[in-house]
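Everything below belongs to data-v8.csv, which stores CSV, C-alpha atoms.
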chain,number,residue,atom,x,y,z
U,5,MET,CA,-34.3,143.2,-184.9
U,6,ILE,CA,-34.5,139.4,-185.3
U,7,LEU,CA,-31.6,137.8,-187.1
U,8,PHE,CA,-32.9,134.7,-188.9
U,9,PRO,CA,-30.4,132.0,-189.8
U,10,ALA,CA,-31.4,130.3,-193.0
U,11,ILE,CA,-31.7,126.6,-193.9
U,12,ASP,CA,-32.3,126.2,-197.6
U,13,LEU,CA,-33.2,122.6,-198.5
U,14,LYS,CA,-32.3,120.9,-201.7
U,15,ASP,CA,-32.5,117.1,-202.0
U,16,GLY,CA,-32.6,116.9,-198.2
U,17,GLN,CA,-29.4,118.8,-197.7
U,18,CYS,CA,-28.6,122.4,-196.4
U,19,VAL,CA,-27.4,124.4,-199.4
U,20,ARG,CA,-27.0,127.9,-200.6
U,21,LEU,CA,-27.7,129.0,-204.1
U,22,LYS,CA,-26.4,131.9,-206.1
U,23,ARG,CA,-29.2,134.2,-207.3
U,24,GLY,CA,-31.7,131.4,-207.0
U,25,ASP,CA,-29.9,129.1,-209.6
U,26,MET,CA,-30.5,125.5,-208.6
U,27,ASP,CA,-27.4,124.5,-210.7
U,28,GLN,CA,-25.2,126.7,-208.5
U,29,ALA,CA,-25.8,125.1,-205.1
U,30,THR,CA,-23.2,124.7,-202.5
U,31,VAL,CA,-23.9,122.0,-199.9
U,32,PHE,CA,-23.0,123.2,-196.3
U,33,ASN,CA,-24.5,120.4,-194.3
U,34,ASP,CA,-26.1,117.1,-195.2
U,35,ASP,CA,-27.9,116.9,-191.8
U,36,PRO,CA,-30.6,119.7,-191.6
U,37,ALA,CA,-31.5,118.8,-188.0
U,38,ALA,CA,-27.9,119.0,-186.8
U,39,GLN,CA,-27.6,122.4,-188.5
U,40,ALA,CA,-30.8,123.6,-186.9
U,41,MET,CA,-29.5,122.5,-183.5
U,42,ALA,CA,-26.3,124.3,-184.0
U,43,PHE,CA,-28.1,127.6,-184.8
U,44,ALA,CA,-30.3,127.1,-181.7
U,45,LYS,CA,-27.3,126.6,-179.5
U,46,GLN,CA,-25.7,129.7,-181.0
U,47,GLY,CA,-28.5,131.8,-179.5
U,48,PHE,CA,-30.7,132.5,-182.5
U,49,SER,CA,-34.4,133.0,-181.6
U,50,TRP,CA,-35.9,132.0,-184.9
U,51,LEU,CA,-35.1,129.8,-187.9
U,52,HIS,CA,-35.9,130.5,-191.5
U,53,VAL,CA,-36.4,127.4,-193.7
U,54,VAL,CA,-37.0,127.1,-197.4
U,55,ASP,CA,-37.9,124.0,-199.4
U,56,LEU,CA,-36.1,124.9,-202.6
U,57,ASN,CA,-37.3,121.8,-204.5
U,58,GLY,CA,-40.8,122.5,-203.4
U,59,ALA,CA,-40.6,126.1,-204.7
U,60,PHE,CA,-40.0,124.7,-208.2
U,61,ALA,CA,-42.3,121.7,-207.9
U,62,GLY,CA,-45.2,123.7,-206.5
U,63,ARG,CA,-45.6,121.3,-203.6
U,64,PRO,CA,-43.7,120.3,-200.5
U,65,VAL,CA,-40.7,118.1,-201.4
U,66,ASN,CA,-38.4,118.2,-198.4
U,67,ALA,CA,-41.0,117.4,-195.8
U,68,ALA,CA,-38.9,114.7,-194.0
U,69,ALA,CA,-36.0,117.2,-193.6
U,70,VAL,CA,-38.3,119.9,-192.3
U,71,GLU,CA,-39.9,117.5,-189.8
U,72,SER,CA,-36.4,116.4,-188.6
U,73,VAL,CA,-35.7,120.1,-188.0
U,74,LEU,CA,-38.9,120.6,-186.0
U,75,ALA,CA,-38.1,117.6,-183.9
U,76,ALA,CA,-34.6,118.8,-183.1
U,77,ILE,CA,-35.2,122.4,-181.8
U,78,ASP,CA,-37.6,124.4,-179.7
U,79,ILE,CA,-37.2,127.8,-181.3
U,80,PRO,CA,-39.9,128.9,-183.8
U,81,VAL,CA,-39.5,128.1,-187.4
U,82,GLN,CA,-40.9,129.9,-190.5
U,83,LEU,CA,-41.2,127.8,-193.6
U,84,GLY,CA,-41.6,128.7,-197.3
U,85,GLY,CA,-41.3,126.9,-200.6
U,86,GLY,CA,-44.1,125.1,-202.5
U,87,ILE,CA,-46.9,125.9,-200.2
U,88,ARG,CA,-49.7,126.8,-202.6
U,89,ASP,CA,-53.0,125.9,-200.8
U,90,LEU,CA,-54.8,126.2,-197.5
U,91,GLU,CA,-54.5,122.4,-196.8
U,92,SER,CA,-50.7,122.6,-197.0
U,93,VAL,CA,-50.7,125.6,-194.7
U,94,GLU,CA,-52.8,123.8,-192.1
U,95,VAL,CA,-50.7,120.7,-192.3
U,96,TRP,CA,-47.5,122.5,-191.6
U,97,LEU,CA,-49.0,124.6,-188.8
U,98,GLU,CA,-50.3,121.4,-187.2
U,99,LYS,CA,-46.8,119.9,-187.5
U,100,GLY,CA,-45.3,122.7,-185.5
U,101,ILE,CA,-44.3,125.4,-188.0
U,102,GLU,CA,-44.8,128.8,-186.4
U,103,ARG,CA,-45.2,130.8,-189.5
U,104,VAL,CA,-45.9,129.7,-193.1
U,105,ILE,CA,-44.5,131.8,-196.0
U,106,LEU,CA,-46.6,132.2,-199.1
U,107,GLY,CA,-44.9,133.4,-202.2
U,108,THR,CA,-45.9,132.3,-205.7
U,109,ILE,CA,-49.6,131.9,-204.6
U,110,ALA,CA,-49.6,135.5,-203.3
U,111,VAL,CA,-49.2,136.6,-206.9
U,112,GLN,CA,-51.3,134.0,-208.6
U,113,ASN,CA,-54.2,133.7,-206.2
U,114,PRO,CA,-54.1,136.5,-203.5
U,115,LYS,CA,-57.4,135.3,-202.1
U,116,ILE,CA,-55.7,132.3,-200.6
U,117,VAL,CA,-53.4,134.6,-198.6
U,118,HIS,CA,-56.5,136.5,-197.3
U,119,GLU,CA,-58.3,133.3,-196.4
U,120,ALA,CA,-55.2,131.9,-194.7
U,121,CYS,CA,-54.7,135.0,-192.6
U,122,LYS,CA,-58.3,134.8,-191.4
U,123,LEU,CA,-58.0,131.1,-190.5
U,124,PHE,CA,-54.6,131.4,-189.0
U,125,PRO,CA,-54.1,134.9,-187.5
U,126,ASN,CA,-50.4,136.0,-187.1
U,127,ARG,CA,-49.2,132.8,-188.7
U,128,ILE,CA,-48.9,133.8,-192.3
U,129,ALA,CA,-46.1,135.7,-194.0
U,130,VAL,CA,-45.8,136.8,-197.6
U,131,GLY,CA,-42.5,136.2,-199.5
U,132,ILE,CA,-41.8,138.8,-202.0
U,133,ASP,CA,-38.8,137.9,-204.2
U,134,ALA,CA,-37.8,140.6,-206.7
U,135,ARG,CA,-35.4,140.7,-209.6
U,136,GLY,CA,-34.8,144.2,-211.0
U,137,GLY,CA,-37.6,145.5,-208.9
U,138,ARG,CA,-40.2,143.0,-210.4
U,139,VAL,CA,-41.7,140.1,-208.4
U,140,ALA,CA,-40.4,136.6,-209.4
U,141,VAL,CA,-42.4,133.4,-208.9
U,142,GLU,CA,-42.2,129.7,-209.4
U,143,GLY,CA,-38.9,129.3,-207.5
U,144,TRP,CA,-37.7,132.6,-209.1
U,145,ALA,CA,-37.9,131.0,-212.5
U,146,GLU,CA,-40.5,133.5,-213.8
U,147,THR,CA,-40.7,137.3,-213.4
U,148,SER,CA,-44.0,139.0,-213.2
U,149,GLU,CA,-44.9,142.7,-214.1
U,150,LEU,CA,-45.8,143.5,-210.4
U,151,THR,CA,-43.5,145.6,-208.3
U,152,ALA,CA,-42.7,144.6,-204.8
U,153,ILE,CA,-44.6,147.6,-203.4
U,154,ASP,CA,-47.7,146.8,-205.6
U,155,LEU,CA,-47.8,143.3,-204.3
U,156,ALA,CA,-47.2,144.3,-200.6
U,157,ARG,CA,-50.1,146.8,-200.7
U,158,ARG,CA,-52.5,144.0,-201.8
U,159,PHE,CA,-52.1,142.5,-198.3
U,160,GLU,CA,-52.0,145.7,-196.3
U,161,ASP,CA,-55.3,144.9,-194.5
U,162,ALA,CA,-55.1,141.1,-194.7
U,163,GLY,CA,-53.5,140.5,-191.4
U,164,VAL,CA,-50.2,139.3,-192.8
U,165,ALA,CA,-47.7,138.8,-190.0
U,166,ALA,CA,-44.6,139.8,-192.0
U,167,ILE,CA,-43.3,140.4,-195.5
U,168,ILE,CA,-40.0,138.7,-196.4
U,169,TYR,CA,-38.4,140.8,-199.1
U,170,THR,CA,-35.6,139.1,-201.1
U,171,ASP,CA,-33.4,140.8,-203.7
U,172,ILE,CA,-32.7,137.9,-206.0
U,173,ASP,CA,-29.8,139.6,-207.7
U,174,ARG,CA,-28.0,139.7,-204.4
U,175,ASP,CA,-29.0,136.4,-202.9
U,176,GLY,CA,-26.1,134.1,-202.2
U,177,VAL,CA,-23.4,136.4,-203.7
U,178,LEU,CA,-22.4,138.3,-200.6
U,179,THR,CA,-22.8,141.8,-202.0
U,180,GLY,CA,-24.7,143.3,-199.1
U,181,LEU,CA,-28.4,143.8,-198.4
U,182,ASN,CA,-30.4,146.0,-200.7
U,183,LEU,CA,-31.5,148.2,-197.8
U,184,LYS,CA,-32.5,151.1,-200.0
U,185,SER,CA,-35.2,149.1,-201.6
U,186,THR,CA,-36.1,147.2,-198.4
U,187,LEU,CA,-36.5,150.3,-196.4
U,188,THR,CA,-38.5,151.9,-199.2
U,189,LEU,CA,-40.9,148.9,-199.1
U,190,ALA,CA,-41.0,149.0,-195.2
U,191,ARG,CA,-42.0,152.7,-195.3
U,192,ALA,CA,-44.7,152.1,-197.9
U,193,VAL,CA,-46.7,149.5,-195.9
U,194,SER,CA,-47.7,148.9,-192.3
U,195,VAL,CA,-46.8,145.2,-192.4
U,196,PRO,CA,-43.5,144.3,-190.8
U,197,VAL,CA,-40.7,143.7,-193.3
U,198,ILE,CA,-37.8,141.2,-193.1
U,199,ALA,CA,-34.7,141.8,-195.3
U,200,SER,CA,-33.2,139.0,-197.3
U,201,GLY,CA,-30.6,138.5,-199.9
U,202,GLY,CA,-26.9,139.5,-199.8
U,203,LEU,CA,-26.1,139.9,-196.1
U,204,ALA,CA,-22.4,139.6,-196.3
U,205,SER,CA,-20.5,140.8,-193.3
U,206,MET,CA,-20.4,142.2,-189.8
U,207,ALA,CA,-20.6,145.6,-191.4
U,208,ASP,CA,-24.1,144.7,-192.6
U,209,ILE,CA,-25.0,143.7,-189.1
U,210,ALA,CA,-23.8,147.0,-187.8
U,211,ARG,CA,-25.8,148.8,-190.5
U,212,LEU,CA,-28.9,146.9,-189.4
U,213,ALA,CA,-28.3,148.2,-185.9
U,214,GLU,CA,-28.6,151.8,-187.0
U,215,PRO,CA,-31.8,153.7,-186.1
U,216,ASP,CA,-33.4,153.9,-189.6
U,217,CYS,CA,-33.4,150.0,-189.7
U,218,ALA,CA,-35.5,149.8,-186.6
U,219,ILE,CA,-38.6,149.8,-188.9
U,220,LEU,CA,-37.6,146.3,-190.0
U,221,GLU,CA,-38.6,143.2,-188.1
U,222,GLY,CA,-35.3,141.5,-189.0
U,223,ALA,CA,-33.0,140.1,-191.6
U,224,ILE,CA,-32.1,136.7,-192.9
U,225,THR,CA,-28.5,135.5,-193.0
U,226,GLY,CA,-27.3,132.5,-195.0
U,227,ARG,CA,-24.0,132.0,-196.9
U,228,ALA,CA,-22.1,134.6,-194.8
U,229,LEU,CA,-23.0,132.7,-191.6
U,230,TYR,CA,-22.0,129.3,-193.1
U,231,ASP,CA,-18.8,130.8,-194.4
U,232,GLY,CA,-17.8,132.3,-191.1
U,233,ARG,CA,-17.9,135.9,-192.4
U,234,ILE,CA,-20.5,136.5,-189.7
U,235,ASP,CA,-19.8,135.4,-186.2
U,236,ALA,CA,-23.2,134.5,-184.6
U,237,ALA,CA,-22.3,135.5,-181.0
U,238,GLU,CA,-20.8,138.8,-182.1
U,239,ALA,CA,-23.7,139.6,-184.4
U,240,LEU,CA,-26.4,138.9,-181.8
U,241,ASP,CA,-24.4,140.8,-179.2
U,242,LEU,CA,-24.0,143.8,-181.5
U,243,LEU,CA,-27.7,143.9,-182.1
U,244,ARG,CA,-28.6,143.6,-178.4
U,245,LYS,CA,-26.1,146.4,-177.4
U,246,SER,CA,-27.5,148.7,-180.1
U,247,GLY,CA,-30.9,148.4,-178.5
U,248,ALA,CA,-32.3,146.2,-181.3
U,249,ALA,CA,-33.9,143.0,-179.9
U,250,ALA,CA,-32.2,140.0,-181.5
Can you give me the file's structure in the form of structure tokens?
Amino acid sequence: MILFPAIDLKDGQCVRLKRGDMDQATVFNDDPAAQAMAFAKQGFSWLHVVDLNGAFAGRPVNAAAVESVLAAIDIPVQLGGGIRDLESVEVWLEKGIERVILGTIAVQNPKIVHEACKLFPNRIAVGIDARGGRVAVEGWAETSELTAIDLARRFEDAGVAAIIYTDIDRDGVLTGLNLKSTLTLARAVSVPVIASGGLASMADIARLAEPDCAILEGAITGRALYDGRIDAAEALDLLRKSGAAA
């Protein structure tokens, strides 16, 4: 069980949104590299980064901030937000990103995901962001008719390294992970699933350490970690002691 601390970038700063609303952004750090170093020192083994401006613009916007993060730490980074073509995927992998997350393009042009997986084995993740069970795209601004499971099954044999499933209605509001839907998705496909959206407390960490959650690759934590509702050392220790690899 990997616990991924999140750095969401808006205008070069580390922020957290409420339910994906760019107008409801709280700035937690104006130095993404310093924040990344803090997470690495706390013992996290991965970092999850999202270019929020890029997700809306359809192209990378916070490249300088991402590059500063890569220069500051040695732990692997997965990056999403505004990556819509093979060229952008290749550029980021060459710059040191370990895993690129494709979201909107996975709905609009799934062939690109298949091609990326062939070109870059084990380096491509699919981000599935759902509102009311339906997949949202374009920085969560638009909702499609696809269900999360429908979309995930499109990539069952593509070689996708992971699926990052975010419940938008819970994202940034500290109401707890939607583990019911996340586990249903994880059981429906063979691709490893990462839970995202709503992780709120140490109780959620304890829940992730229970046997039925062993099917998950991990979970992403954002606001609760910044707010101090989750203690990094305690959370990582709890997962280790439970037998889950953190």
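Straight-line separation from atom CA of U:Ala213 to atom CA of U:Asp241: 10.7 Å.
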Residues within 12 Å of U:Lys184, please, as a count of residues only. Count all atoms listed in the file; anything in the same chain fewer than 2 positions from it doesn't count.
17
Selection: 10 Å around U:Leu90, only C-alpha atoms, excl. self and same-chain fewer than 5 positions, as a PyMOL selection string:
chain U and resi 95+116-117+119-120+123-124
Excluding U:Ala162 and any residue of its chain fewer than 5 positions from it, enumerate the residues within 12 Å of it, using only C-alpha atoms, and give them as a compact mmCIF listing (two decimals) with C-alpha atoms, in the coordinates of the input.
# COMPACT_ATOMS: atom_id res chain seq x y z
CA ALA U 110 -49.60 135.50 -203.30
CA PRO U 114 -54.10 136.50 -203.50
CA LYS U 115 -57.40 135.30 -202.10
CA ILE U 116 -55.70 132.30 -200.60
CA VAL U 117 -53.40 134.60 -198.60
CA HIS U 118 -56.50 136.50 -197.30
CA GLU U 119 -58.30 133.30 -196.40
CA ALA U 120 -55.20 131.90 -194.70
CA CYS U 121 -54.70 135.00 -192.60
CA LYS U 122 -58.30 134.80 -191.40
CA LEU U 123 -58.00 131.10 -190.50
CA PHE U 124 -54.60 131.40 -189.00
CA PRO U 125 -54.10 134.90 -187.50
CA ASN U 126 -50.40 136.00 -187.10
CA ARG U 127 -49.20 132.80 -188.70
CA ILE U 128 -48.90 133.80 -192.30
CA ALA U 129 -46.10 135.70 -194.00
CA VAL U 130 -45.80 136.80 -197.60
CA ALA U 156 -47.20 144.30 -200.60
CA ARG U 157 -50.10 146.80 -200.70
CA ILE U 167 -43.30 140.40 -195.50
CA VAL U 193 -46.70 149.50 -195.90
CA SER U 194 -47.70 148.90 -192.30
CA VAL U 195 -46.80 145.20 -192.40
Quick one: pull the distance between atom CA of U:Ile153 and atom CA of U:Ala134, Å, one decimal.
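These atoms are spaced 10.3 Å apart.
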How would you write as a ChimeraX atom specification the residues that get within 10 Å of (-24.1, 142.1, -189.7) in the file's frame, counting only C-alpha atoms?
/U:7,180-181,203-213,223,225,228-229,233-236,238-240,242-243
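Comparing the minimum interatomic distances between U:Phe8 and each of U:Asn113, U:Thr108, U:Gln82, U:Ser185, counting only C-alpha atoms, we find that U:Gln82 sits nearest.
Taking only C-alpha atoms, the non-local environment of U:Gly85 within 6 Å (same-chain residues fewer than 5 positions away omitted) comprises Val54, Asp55, Leu56, Gly58 and Ala59 of chain U.
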Pull C-alpha atoms from the residues just selected and write them as a PDB file, in the frame of the given file.
ATOM      1  CA  VAL U  54     -37.000 127.100-197.400  1.00  0.00           C
ATOM      2  CA  ASP U  55     -37.900 124.000-199.400  1.00  0.00           C
ATOM      3  CA  LEU U  56     -36.100 124.900-202.600  1.00  0.00           C
ATOM      4  CA  GLY U  58     -40.800 122.500-203.400  1.00  0.00           C
ATOM      5  CA  ALA U  59     -40.600 126.100-204.700  1.00  0.00           C
TER       6      ALA U  59
END
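Considering all atoms listed in the file, the residue among U:Ala166, U:Leu21, U:Val104, U:Ala37 positioned nearest to U:Ile198 is U:Ala166.
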Considering all atoms listed in the file, state which residue in the set U:Ile87, U:Ala40, U:Val93, U:Val53 is at the smallest distance from U:Ala75.
U:Ala40
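Note that the spacing between atom CA of U:Leu74 and atom CA of U:Gly100 amounts to 6.8 Å.
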Env of U:Asn57: 8 Å cut, atoms = all atoms listed in the file, seq-sep filter 2 positions within chain, self excluded. Answer as a PyMOL selection string.
chain U and resi 13-15+55+59-61+64-66+85-86
Pull C-alpha atoms from the residues just selected and write them as a JSON list (two decimals), in the coordinates of the input.
[["chain", "number", "residue", "atom", "x", "y", "z"],
["U", 13, "LEU", "CA", -33.20, 122.60, -198.50],
["U", 14, "LYS", "CA", -32.30, 120.90, -201.70],
["U", 15, "ASP", "CA", -32.50, 117.10, -202.00],
["U", 55, "ASP", "CA", -37.90, 124.00, -199.40],
["U", 59, "ALA", "CA", -40.60, 126.10, -204.70],
["U", 60, "PHE", "CA", -40.00, 124.70, -208.20],
["U", 61, "ALA", "CA", -42.30, 121.70, -207.90],
["U", 64, "PRO", "CA", -43.70, 120.30, -200.50],
["U", 65, "VAL", "CA", -40.70, 118.10, -201.40],
["U", 66, "ASN", "CA", -38.40, 118.20, -198.40],
["U", 85, "GLY", "CA", -41.30, 126.90, -200.60],
["U", 86, "GLY", "CA", -44.10, 125.10, -202.50]]
Between U:Arg135, U:Arg63, U:Arg227, U:Arg88, which has the minimum distance to U:Val19 (counting only C-alpha atoms)?
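Checking each candidate against U:Val19, we get U:Arg227 as the closest.
Of the listed residues (U:Ile79, U:Met5, U:Ala192, U:Leu220), U:Ile79 comes nearest to U:Ser49; the distances count all atoms listed in the file.
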Looking at all atoms listed in the file, which of U:Asp173, U:Asp133, U:Glu98, U:Asp27 is the one that sits closest to U:Glu71?
U:Glu98
Pull the neighbourhood of (-28.5, 121.4, -187.8) for me: all residues within 12 Å in file coordinates, counting all atoms listed in the file, as a PyMOL selection string.
chain U and resi 9-13+17-18+32-46+51+53+69-70+72-77+230
